[in-house]
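What follows is coords.txt (compact mmCIF, C-alpha atoms and all ligand atoms).
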```
# COMPACT_ATOMS: atom_id res chain seq x y z
CA MET W 1 -5.03 17.45 -4.14
CA GLY W 2 -4.22 14.92 -1.46
CA ILE W 3 -1.78 15.40 1.38
CA GLU W 4 0.98 17.99 1.30
CA PHE W 5 3.89 18.04 3.73
CA LYS W 6 5.32 21.56 3.61
CA SER W 7 8.76 21.90 5.16
CA VAL W 8 7.72 19.91 8.22
CA GLY W 9 10.11 19.18 11.04
CA LYS W 10 9.85 17.55 14.43
CA THR W 11 12.13 17.93 17.40
CA TYR W 12 10.83 15.92 20.36
CA ARG W 13 10.89 17.39 23.85
CA ASP W 14 14.08 15.57 24.79
CA GLY W 15 15.85 17.30 21.90
CA THR W 16 15.75 14.37 19.44
CA VAL W 17 15.48 15.71 15.92
CA ALA W 18 13.30 13.09 14.22
CA VAL W 19 12.62 15.10 11.07
CA THR W 20 14.58 18.15 9.95
CA ASP W 21 12.83 19.54 6.87
CA PHE W 22 10.54 17.35 4.80
CA SER W 23 8.38 18.36 1.85
CA HIS W 24 6.36 15.99 -0.28
CA VAL W 25 2.97 15.71 -1.95
CA VAL W 26 0.87 12.56 -1.78
CA PRO W 27 -1.64 12.87 -4.63
CA SER W 28 -5.26 11.81 -4.04
CA HIS W 29 -6.10 8.16 -4.71
CA ARG W 30 -2.46 7.18 -4.84
CA THR W 31 -0.40 4.96 -2.57
CA VAL W 32 2.86 6.39 -1.30
CA ALA W 33 5.34 4.37 0.74
CA LEU W 34 7.79 5.92 3.17
CA VAL W 35 10.77 3.61 3.48
CA GLY W 36 13.99 3.99 5.39
CA SER W 37 15.97 2.40 8.14
CA SER W 38 14.89 2.38 11.75
CA GLY W 39 14.72 5.86 13.23
CA SER W 40 14.59 7.71 9.90
CA GLY W 41 11.41 9.51 10.98
CA LYS W 42 8.81 7.51 9.02
CA THR W 43 6.34 7.04 11.86
CA THR W 44 6.77 10.64 12.96
CA LEU W 45 5.87 11.84 9.45
CA LEU W 46 2.88 9.48 9.17
CA ARG W 47 1.47 10.62 12.49
CA MET W 48 1.68 14.27 11.50
CA VAL W 49 -1.17 13.61 9.06
CA ASN W 50 -3.71 12.67 11.73
CA ARG W 51 -2.14 14.92 14.36
CA MET W 52 -0.93 12.17 16.62
CA VAL W 53 2.29 14.20 16.27
CA ASP W 54 2.28 17.95 15.80
CA PRO W 55 5.24 19.21 13.77
CA THR W 56 7.54 21.74 15.42
CA ARG W 57 7.91 23.48 12.08
CA GLY W 58 6.06 23.56 8.78
CA THR W 59 2.54 22.44 7.97
CA VAL W 60 0.62 19.43 6.73
CA LEU W 61 -2.26 20.20 4.40
CA ILE W 62 -5.10 17.87 3.46
CA ASP W 63 -6.83 19.02 0.29
CA GLY W 64 -5.28 22.43 0.90
CA GLN W 65 -6.40 22.74 4.51
CA ASP W 66 -3.90 22.99 7.37
CA VAL W 67 -4.57 20.04 9.68
CA ARG W 68 -3.92 22.29 12.69
CA GLU W 69 -7.16 24.10 11.89
CA LEU W 70 -9.08 20.82 12.20
CA ASP W 71 -10.36 19.27 15.39
CA LYS W 72 -7.98 16.46 16.41
CA VAL W 73 -10.64 13.94 17.36
CA ALA W 74 -12.76 14.59 14.27
CA LEU W 75 -9.64 14.38 12.09
CA ARG W 76 -8.60 11.03 13.55
CA ARG W 77 -12.06 9.62 13.04
CA ARG W 78 -12.11 10.52 9.41
CA ILE W 79 -8.66 9.14 8.65
CA GLY W 80 -8.14 5.39 8.72
CA TYR W 81 -5.13 4.30 10.75
CA VAL W 82 -3.59 0.84 10.85
CA PRO W 83 -0.90 0.63 13.53
CA GLN W 84 1.83 -2.00 13.48
CA ALA W 85 0.34 -4.27 16.10
CA GLY W 86 -3.20 -3.89 14.80
CA GLY W 87 -4.35 -1.86 17.78
CA LEU W 88 -7.51 -3.94 18.24
CA LEU W 89 -9.52 -3.62 21.43
CA PRO W 90 -8.97 -6.98 23.19
CA HIS W 91 -12.27 -7.02 25.07
CA ARG W 92 -14.46 -6.35 22.06
CA THR W 93 -15.48 -8.87 19.45
CA VAL W 94 -14.20 -8.56 15.91
CA VAL W 95 -17.44 -7.04 14.63
CA ASP W 96 -17.53 -4.53 17.47
CA ASN W 97 -13.92 -3.57 16.87
CA VAL W 98 -14.82 -2.69 13.29
CA ALA W 99 -18.07 -0.94 14.25
CA THR W 100 -16.61 1.16 17.09
CA VAL W 101 -15.83 4.36 15.21
CA PRO W 102 -19.07 4.47 13.16
CA VAL W 103 -21.07 4.01 16.39
CA LEU W 104 -19.07 6.80 18.05
CA THR W 105 -19.86 9.09 15.15
CA GLY W 106 -23.59 8.42 15.30
CA THR W 107 -24.31 5.40 13.09
CA PRO W 108 -27.01 3.24 14.74
CA ARG W 109 -25.42 0.12 16.23
CA LYS W 110 -27.31 -2.33 14.03
CA ALA W 111 -26.42 -0.53 10.80
CA ALA W 112 -22.79 -0.23 11.92
CA ARG W 113 -22.63 -3.96 12.57
CA THR W 114 -24.15 -4.82 9.21
CA ALA W 115 -21.61 -2.55 7.51
CA ALA W 116 -18.84 -4.13 9.60
CA LEU W 117 -19.76 -7.60 8.35
CA ASP W 118 -19.50 -6.34 4.76
CA LEU W 119 -16.07 -4.90 5.53
CA LEU W 120 -14.91 -8.19 7.01
CA THR W 121 -15.86 -9.86 3.74
CA LEU W 122 -14.06 -7.13 1.81
CA VAL W 123 -10.80 -7.84 3.65
CA GLY W 124 -11.18 -11.56 3.07
CA LEU W 125 -12.49 -12.77 6.43
CA GLU W 126 -15.33 -15.22 6.98
CA PRO W 127 -18.27 -13.50 8.68
CA THR W 128 -18.30 -16.47 11.10
CA LEU W 129 -15.21 -14.92 12.74
CA ALA W 130 -17.17 -11.79 13.63
CA SER W 131 -18.12 -12.93 17.12
CA ARG W 132 -14.59 -13.94 18.12
CA TYR W 133 -12.23 -11.84 20.22
CA PRO W 134 -8.92 -10.65 18.71
CA ALA W 135 -6.88 -13.15 20.75
CA GLN W 136 -8.83 -15.97 19.07
CA LEU W 137 -7.53 -14.96 15.62
CA SER W 138 -4.21 -15.57 13.86
CA GLY W 139 -1.85 -12.63 13.40
CA GLY W 140 -2.80 -12.30 9.74
CA GLN W 141 -6.52 -12.36 10.56
CA GLN W 142 -5.98 -9.69 13.21
CA GLN W 143 -4.28 -7.45 10.66
CA ARG W 144 -7.20 -7.93 8.27
CA VAL W 145 -9.56 -6.84 11.04
CA ALA W 146 -7.33 -3.82 11.65
CA VAL W 147 -7.64 -2.89 7.97
CA ALA W 148 -11.43 -3.36 8.08
CA ARG W 149 -11.55 -1.19 11.16
CA ALA W 150 -9.53 1.56 9.51
CA LEU W 151 -11.94 1.50 6.57
CA ALA W 152 -15.09 1.54 8.71
CA ALA W 153 -15.62 5.29 8.67
CA ASP W 154 -15.15 5.25 4.89
CA PRO W 155 -12.12 7.55 5.11
CA ASN W 156 -10.52 9.13 2.08
CA ILE W 157 -7.12 8.66 3.67
CA LEU W 158 -5.59 5.50 5.04
CA LEU W 159 -2.40 5.65 7.12
CA MET W 160 -0.61 2.35 7.61
CA ASP W 161 2.39 1.94 9.92
CA GLU W 162 4.24 -1.31 9.17
CA PRO W 163 0.80 -2.91 8.90
CA PHE W 164 2.07 -6.37 7.97
CA GLY W 165 5.32 -6.30 9.93
CA ALA W 166 4.34 -8.89 12.51
CA VAL W 167 3.27 -11.74 10.21
CA ASP W 168 5.25 -14.40 8.37
CA PRO W 169 6.34 -13.80 4.75
CA ILE W 170 3.60 -15.92 3.13
CA VAL W 171 0.77 -14.28 5.06
CA ARG W 172 2.44 -10.94 4.48
CA ARG W 173 2.29 -11.50 0.76
CA GLU W 174 -1.40 -12.47 0.99
CA LEU W 175 -2.16 -9.30 2.93
CA GLN W 176 -0.29 -7.22 0.37
CA ASP W 177 -2.35 -8.80 -2.44
CA GLU W 178 -5.52 -8.10 -0.50
CA LEU W 179 -4.54 -4.46 -0.01
CA LEU W 180 -3.81 -4.10 -3.73
CA ARG W 181 -7.23 -5.56 -4.53
CA ILE W 182 -9.01 -3.32 -2.02
CA GLN W 183 -7.15 -0.27 -3.28
CA GLY W 184 -8.17 -1.17 -6.84
CA GLU W 185 -11.77 -1.17 -5.65
CA LEU W 186 -11.78 1.80 -3.29
CA GLY W 187 -9.04 4.14 -4.56
CA LYS W 188 -8.08 5.67 -1.19
CA THR W 189 -5.15 7.99 -0.61
CA ILE W 190 -2.75 5.71 1.23
CA VAL W 191 0.46 6.47 3.08
CA ILE W 192 2.25 3.32 4.16
CA VAL W 193 5.35 3.15 6.32
CA THR W 194 7.58 0.13 5.90
CA HIS W 195 11.22 -0.76 6.26
CA ASP W 196 10.71 -3.47 3.63
CA VAL W 197 11.65 -2.11 0.24
CA ASP W 198 10.07 -5.06 -1.59
CA GLU W 199 6.76 -4.31 0.12
CA ALA W 200 7.07 -0.65 -0.84
CA PHE W 201 7.83 -1.55 -4.45
CA ARG W 202 4.85 -3.91 -4.62
CA LEU W 203 2.27 -1.67 -3.01
CA ALA W 204 3.12 1.92 -3.80
CA ASP W 205 2.70 4.14 -6.85
CA ASP W 206 5.45 6.32 -5.41
CA VAL W 207 8.22 5.42 -3.01
CA VAL W 208 10.08 7.88 -0.78
CA VAL W 209 13.43 6.60 0.49
CA LEU W 210 14.43 8.38 3.69
CA ARG W 211 17.74 8.91 5.42
CA THR W 212 18.08 9.76 9.09
CA GLY W 213 16.17 12.93 9.97
CA GLY W 214 13.48 12.33 7.36
CA VAL W 215 15.79 13.56 4.62
CA ILE W 216 14.61 12.36 1.20
CA ALA W 217 17.35 10.34 -0.45
CA GLN W 218 15.22 9.65 -3.53
CA SER W 219 11.56 9.53 -4.45
CA GLY W 220 9.71 8.26 -7.48
CA THR W 221 8.20 5.11 -8.90
CA ALA W 222 9.68 1.74 -8.03
CA GLN W 223 10.82 1.47 -11.63
CA SER W 224 12.67 4.78 -11.62
CA ILE W 225 14.39 4.09 -8.30
CA MET W 226 15.39 0.59 -9.29
CA ALA W 227 16.62 1.73 -12.72
CA ALA W 228 18.64 4.66 -11.44
CA PRO W 229 19.41 4.79 -7.72
CA VAL W 230 20.83 8.28 -7.12
CA ASP W 231 23.67 7.22 -4.84
CA ALA W 232 25.29 4.38 -2.93
CA PHE W 233 22.89 4.76 0.00
CA VAL W 234 19.80 4.21 -2.17
CA ARG W 235 21.53 1.54 -4.19
CA ASP W 236 22.32 -0.34 -1.04
CA PHE W 237 18.90 0.29 0.52
CA VAL W 238 16.94 -1.02 -2.45
CA GLY W 239 19.35 -3.90 -2.74
CA ALA W 240 20.15 -3.11 -6.34
CA ASP W 241 23.18 -5.36 -6.15
CA ARG W 242 21.42 -8.26 -4.40
CA PRO W 243 21.72 -11.54 -6.34
CA GLU W 244 17.92 -11.78 -6.76
CA ARG W 245 17.83 -8.33 -8.32
CA THR W 246 20.68 -8.90 -10.74
CA LEU W 247 18.99 -10.91 -13.46
CA SER W 248 20.12 -12.16 -16.79
CA ALA W 249 18.74 -14.33 -19.56
CA THR W 250 20.20 -17.62 -20.65
CA THR W 251 19.03 -20.08 -23.30
CA VAL W 252 18.30 -23.67 -22.26
CA ASP W 253 16.69 -26.12 -24.70
CA GLY W 254 15.62 -23.25 -26.92
CA GLN W 255 13.87 -21.44 -24.04
CA GLN W 256 15.12 -18.12 -22.69
CA LEU W 257 15.36 -18.50 -18.93
CA VAL W 258 15.73 -15.60 -16.51
CA VAL W 259 18.31 -16.39 -13.85
CA ASP W 260 19.58 -14.48 -10.83
CA ALA W 261 23.21 -13.65 -10.13
CA ASP W 262 23.67 -17.09 -8.54
CA GLY W 263 22.30 -18.80 -11.64
CA ARG W 264 19.00 -19.81 -10.02
CA PRO W 265 16.18 -19.99 -12.59
CA LEU W 266 13.37 -17.53 -11.85
CA GLY W 267 11.17 -17.78 -14.91
CA ILE W 268 10.86 -17.88 -18.65
CA LEU W 269 11.29 -14.81 -20.82
CA ARG W 270 8.44 -14.39 -23.31
N1 LIG D 1 8.20 10.54 21.65
C1 LIG D 1 9.49 10.62 21.29
N2 LIG D 1 10.38 11.27 22.05
C2 LIG D 1 11.67 11.35 21.69
N3 LIG D 1 12.19 10.83 20.56
C3 LIG D 1 11.35 10.16 19.76
C4 LIG D 1 9.96 10.01 20.07
N4 LIG D 1 9.38 9.30 19.07
C5 LIG D 1 10.37 9.01 18.18
N5 LIG D 1 11.55 9.54 18.59
C6 LIG D 1 12.84 9.47 17.90
O1 LIG D 1 12.72 10.12 16.66
C7 LIG D 1 13.44 9.43 15.65
C8 LIG D 1 12.50 9.01 14.53
O2 LIG D 1 11.57 8.08 15.04
P1 LIG D 1 10.41 7.43 14.17
O3 LIG D 1 9.66 6.50 15.04
O4 LIG D 1 9.66 8.50 13.48
O5 LIG D 1 11.27 6.64 13.09
P2 LIG D 1 10.91 5.41 12.17
O6 LIG D 1 11.62 5.65 10.89
O7 LIG D 1 9.44 5.23 12.11
O8 LIG D 1 11.57 4.22 12.94
P3 LIG D 1 11.15 2.67 13.08
O9 LIG D 1 11.28 2.07 11.70
O10 LIG D 1 12.16 2.12 14.04
O11 LIG D 1 9.75 2.66 13.61
C9 LIG D 1 14.12 8.27 16.35
O12 LIG D 1 15.42 8.68 16.68
C10 LIG D 1 13.28 8.06 17.59
O13 LIG D 1 14.04 7.51 18.62
```

Could you quickly redo this structure as structure tokens?
Ligand SMILES: Nc1ncnc2c1ncn2[C@@H]1O[C@H](COP(=O)(O)OP(=O)(O)OP(=O)(O)O)[C@@H](O)[C@H]1O
Amino acid sequence: MGIEFKSVGKTYRDGTVAVTDFSHVVPSHRTVALVGSSGSGKTTLLRMVNRMVDPTRGTVLIDGQDVRELDKVALRRRIGYVPQAGGLLPHRTVVDNVATVPVLTGTPRKAARTAALDLLTLVGLEPTLASRYPAQLSGGQQQRVAVARALAADPNILLMDEPFGAVDPIVRRELQDELLRIQGELGKTIVIVTHDVDEAFRLADDVVVLRTGGVIAQSGTAQSIMAAPVDAFVRDFVGADRPERTLSATTVDGQQLVVDADGRPLGILR
């Protein structure tokens, strides 16, 4: 059943209308990306799921249950959340950062730490890093810890807000690969917010392109959006006309090469 946004809207106290009227279903075990330019309401929508933001209209349902009927603290503990800057506790070691929520919810400390070490391995970190403090890690390592931490309570749902926004493109790509691998293993229901359409296309089963006010410009698979952007806004947003997206085949020495609009070779067509 997953997560259902039913005609949700949010007007903040100062009168800012972040989201006007948004409806969408995130099916269980799928990854959905919310993409859109800055201020399109992505973070607001994401936070409605774990009640960090309460909508001013409409409802969010998890497996058919209105999240407003659920205790906020309990809800947040059973939903994994990866904020943009990692949100790690600076004065706790890596292993304790990961073990914090399980300990709060009653797991004995020793068992929580053992489980945390397994999670660090799962996200591709050496267990020898477990006793370090967040400041002693690289940005990419910190984000891996943040993912491990979000997974610690074994949540069904993982919310990720620009989780790899602060790292360089190469590390970003590694983290994306790692997330794809983990998702292949664990099959969580993931909502990821990103302004990077390439990241959305790589990671998500379904992509929701938002305009200002959380208005859906288009949603569907990466393939369907790329093949048929509904209008100029989406076309521009997904960069359908960018040279690296406009590919053609050319024959060189009997091989069919794929080249971009600038003629740069990208690969061989088989
Ligand atoms: N607490 C708040 N009070 C008032 N306005 C807010 C608040 N939080 C967000 N907004 C406004 O609501 C709109 C949507 O913000 P939101 O953070 O959801 O967008 P976003 O798409 O995630 O943006 P970004 O990519 O920049 O993070 C913006 O105009 C923002 O300034």

* To do: Would you list the residues that come within 6 Å of ligand LIG 1 (chain D)? Count all atoms listed in the file and give the answer as a ChimeraX atom specification.
  => /W:12,14,16,18,37-44

Tell me, as a compact mmCIF listing (two decimals) with C-alpha atoms, keeping the file's coordinate frame, which residues lie within 7 Å of range 122-125 of chain W, counting all atoms listed in the file; anything in the same chain fewer than 5 positions away does not count.
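As written to disk, out.txt reads:
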```txt
# COMPACT_ATOMS: atom_id res chain seq x y z
CA ARG W 144 -7.20 -7.93 8.27
CA ALA W 148 -11.43 -3.36 8.08
CA GLU W 178 -5.52 -8.10 -0.50
```

Open item on the list: Is it possible to get the residues within 7 Å of (-17.0, -5.3, 12.2) (coordinates as in the file, counting only C-alpha atoms) written as a PyMOL selection string?
Closed with: chain W and resi 94-99+113+116-117+119-120+130+149

Serialized selection, C-alpha atoms, as a tab-separated table (two decimals), in the coordinates of the input:
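See part_34.tsv below for the written result:
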```tsv
chain	number	residue	atom	x	y	z
W	94	VAL	CA	-14.20	-8.56	15.91
W	95	VAL	CA	-17.44	-7.04	14.63
W	96	ASP	CA	-17.53	-4.53	17.47
W	97	ASN	CA	-13.92	-3.57	16.87
W	98	VAL	CA	-14.82	-2.69	13.29
W	99	ALA	CA	-18.07	-0.94	14.25
W	113	ARG	CA	-22.63	-3.96	12.57
W	116	ALA	CA	-18.84	-4.13	9.60
W	117	LEU	CA	-19.76	-7.60	8.35
W	119	LEU	CA	-16.07	-4.90	5.53
W	120	LEU	CA	-14.91	-8.19	7.01
W	130	ALA	CA	-17.17	-11.79	13.63
W	149	ARG	CA	-11.55	-1.19	11.16
```

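Between CA of Phe5 in chain W and CA of Val207 in chain W there is a distance of 14.9 Å.
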
In Å and to one decimal, CA of Thr11 in chain W is distant from CA of Met52 in chain W by 14.3 Å

What would range 111-132 of chain W look like with N, CA and C atoms restored, written as a PDB file, in the frame of the given file?
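Output (out03.pdb):
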```pdb
ATOM      1  N   ALA W 111     -26.922  -0.865  12.146  1.00  0.00           N
ATOM      2  CA  ALA W 111     -26.420  -0.530  10.800  1.00  0.00           C
ATOM      3  C   ALA W 111     -24.895  -0.624  10.764  1.00  0.00           C
ATOM      4  N   ALA W 112     -24.255  -0.181  11.858  1.00  0.00           N
ATOM      5  CA  ALA W 112     -22.790  -0.230  11.920  1.00  0.00           C
ATOM      6  C   ALA W 112     -22.293  -1.664  11.882  1.00  0.00           C
ATOM      7  N   ARG W 113     -23.033  -2.553  12.572  1.00  0.00           N
ATOM      8  CA  ARG W 113     -22.630  -3.960  12.570  1.00  0.00           C
ATOM      9  C   ARG W 113     -22.819  -4.609  11.216  1.00  0.00           C
ATOM     10  N   THR W 114     -23.916  -4.269  10.559  1.00  0.00           N
ATOM     11  CA  THR W 114     -24.150  -4.820   9.210  1.00  0.00           C
ATOM     12  C   THR W 114     -23.027  -4.372   8.278  1.00  0.00           C
ATOM     13  N   ALA W 115     -22.684  -3.079   8.356  1.00  0.00           N
ATOM     14  CA  ALA W 115     -21.610  -2.550   7.510  1.00  0.00           C
ATOM     15  C   ALA W 115     -20.285  -3.231   7.854  1.00  0.00           C
ATOM     16  N   ALA W 116     -20.083  -3.496   9.159  1.00  0.00           N
ATOM     17  CA  ALA W 116     -18.840  -4.130   9.600  1.00  0.00           C
ATOM     18  C   ALA W 116     -18.708  -5.532   9.006  1.00  0.00           C
ATOM     19  N   LEU W 117     -19.811  -6.253   8.928  1.00  0.00           N
ATOM     20  CA  LEU W 117     -19.760  -7.600   8.350  1.00  0.00           C
ATOM     21  C   LEU W 117     -19.368  -7.539   6.870  1.00  0.00           C
ATOM     22  N   ASP W 118     -19.882  -6.518   6.173  1.00  0.00           N
ATOM     23  CA  ASP W 118     -19.500  -6.340   4.760  1.00  0.00           C
ATOM     24  C   ASP W 118     -18.004  -6.058   4.646  1.00  0.00           C
ATOM     25  N   LEU W 119     -17.500  -5.232   5.571  1.00  0.00           N
ATOM     26  CA  LEU W 119     -16.070  -4.900   5.530  1.00  0.00           C
ATOM     27  C   LEU W 119     -15.209  -6.119   5.812  1.00  0.00           C
ATOM     28  N   LEU W 120     -15.668  -6.972   6.717  1.00  0.00           N
ATOM     29  CA  LEU W 120     -14.910  -8.190   7.010  1.00  0.00           C
ATOM     30  C   LEU W 120     -14.803  -9.052   5.751  1.00  0.00           C
ATOM     31  N   THR W 121     -15.898  -9.118   5.005  1.00  0.00           N
ATOM     32  CA  THR W 121     -15.860  -9.860   3.740  1.00  0.00           C
ATOM     33  C   THR W 121     -14.888  -9.202   2.772  1.00  0.00           C
ATOM     34  N   LEU W 122     -14.942  -7.873   2.721  1.00  0.00           N
ATOM     35  CA  LEU W 122     -14.060  -7.130   1.810  1.00  0.00           C
ATOM     36  C   LEU W 122     -12.581  -7.450   2.066  1.00  0.00           C
ATOM     37  N   VAL W 123     -12.216  -7.568   3.348  1.00  0.00           N
ATOM     38  CA  VAL W 123     -10.800  -7.840   3.650  1.00  0.00           C
ATOM     39  C   VAL W 123     -10.483  -9.335   3.672  1.00  0.00           C
ATOM     40  N   GLY W 124     -11.451 -10.138   3.244  1.00  0.00           N
ATOM     41  CA  GLY W 124     -11.180 -11.560   3.070  1.00  0.00           C
ATOM     42  C   GLY W 124     -11.362 -12.408   4.305  1.00  0.00           C
ATOM     43  N   LEU W 125     -12.236 -11.965   5.225  1.00  0.00           N
ATOM     44  CA  LEU W 125     -12.490 -12.770   6.430  1.00  0.00           C
ATOM     45  C   LEU W 125     -13.894 -13.350   6.376  1.00  0.00           C
ATOM     46  N   GLU W 126     -14.014 -14.582   6.870  1.00  0.00           N
ATOM     47  CA  GLU W 126     -15.330 -15.220   6.980  1.00  0.00           C
ATOM     48  C   GLU W 126     -16.167 -14.474   8.009  1.00  0.00           C
ATOM     49  N   PRO W 127     -17.416 -14.178   7.690  1.00  0.00           N
ATOM     50  CA  PRO W 127     -18.270 -13.500   8.680  1.00  0.00           C
ATOM     51  C   PRO W 127     -18.440 -14.313   9.966  1.00  0.00           C
ATOM     52  N   THR W 128     -18.170 -15.641   9.886  1.00  0.00           N
ATOM     53  CA  THR W 128     -18.300 -16.470  11.100  1.00  0.00           C
ATOM     54  C   THR W 128     -17.255 -16.077  12.164  1.00  0.00           C
ATOM     55  N   LEU W 129     -16.231 -15.340  11.758  1.00  0.00           N
ATOM     56  CA  LEU W 129     -15.210 -14.920  12.740  1.00  0.00           C
ATOM     57  C   LEU W 129     -15.644 -13.678  13.526  1.00  0.00           C
ATOM     58  N   ALA W 130     -16.778 -13.099  13.099  1.00  0.00           N
ATOM     59  CA  ALA W 130     -17.170 -11.790  13.630  1.00  0.00           C
ATOM     60  C   ALA W 130     -17.381 -11.782  15.147  1.00  0.00           C
ATOM     61  N   SER W 131     -17.809 -12.926  15.690  1.00  0.00           N
ATOM     62  CA  SER W 131     -18.120 -12.930  17.120  1.00  0.00           C
ATOM     63  C   SER W 131     -16.918 -13.338  17.972  1.00  0.00           C
ATOM     64  N   ARG W 132     -15.778 -13.584  17.328  1.00  0.00           N
ATOM     65  CA  ARG W 132     -14.590 -13.940  18.120  1.00  0.00           C
ATOM     66  C   ARG W 132     -13.938 -12.692  18.715  1.00  0.00           C
TER      67      ARG W 132
END
```
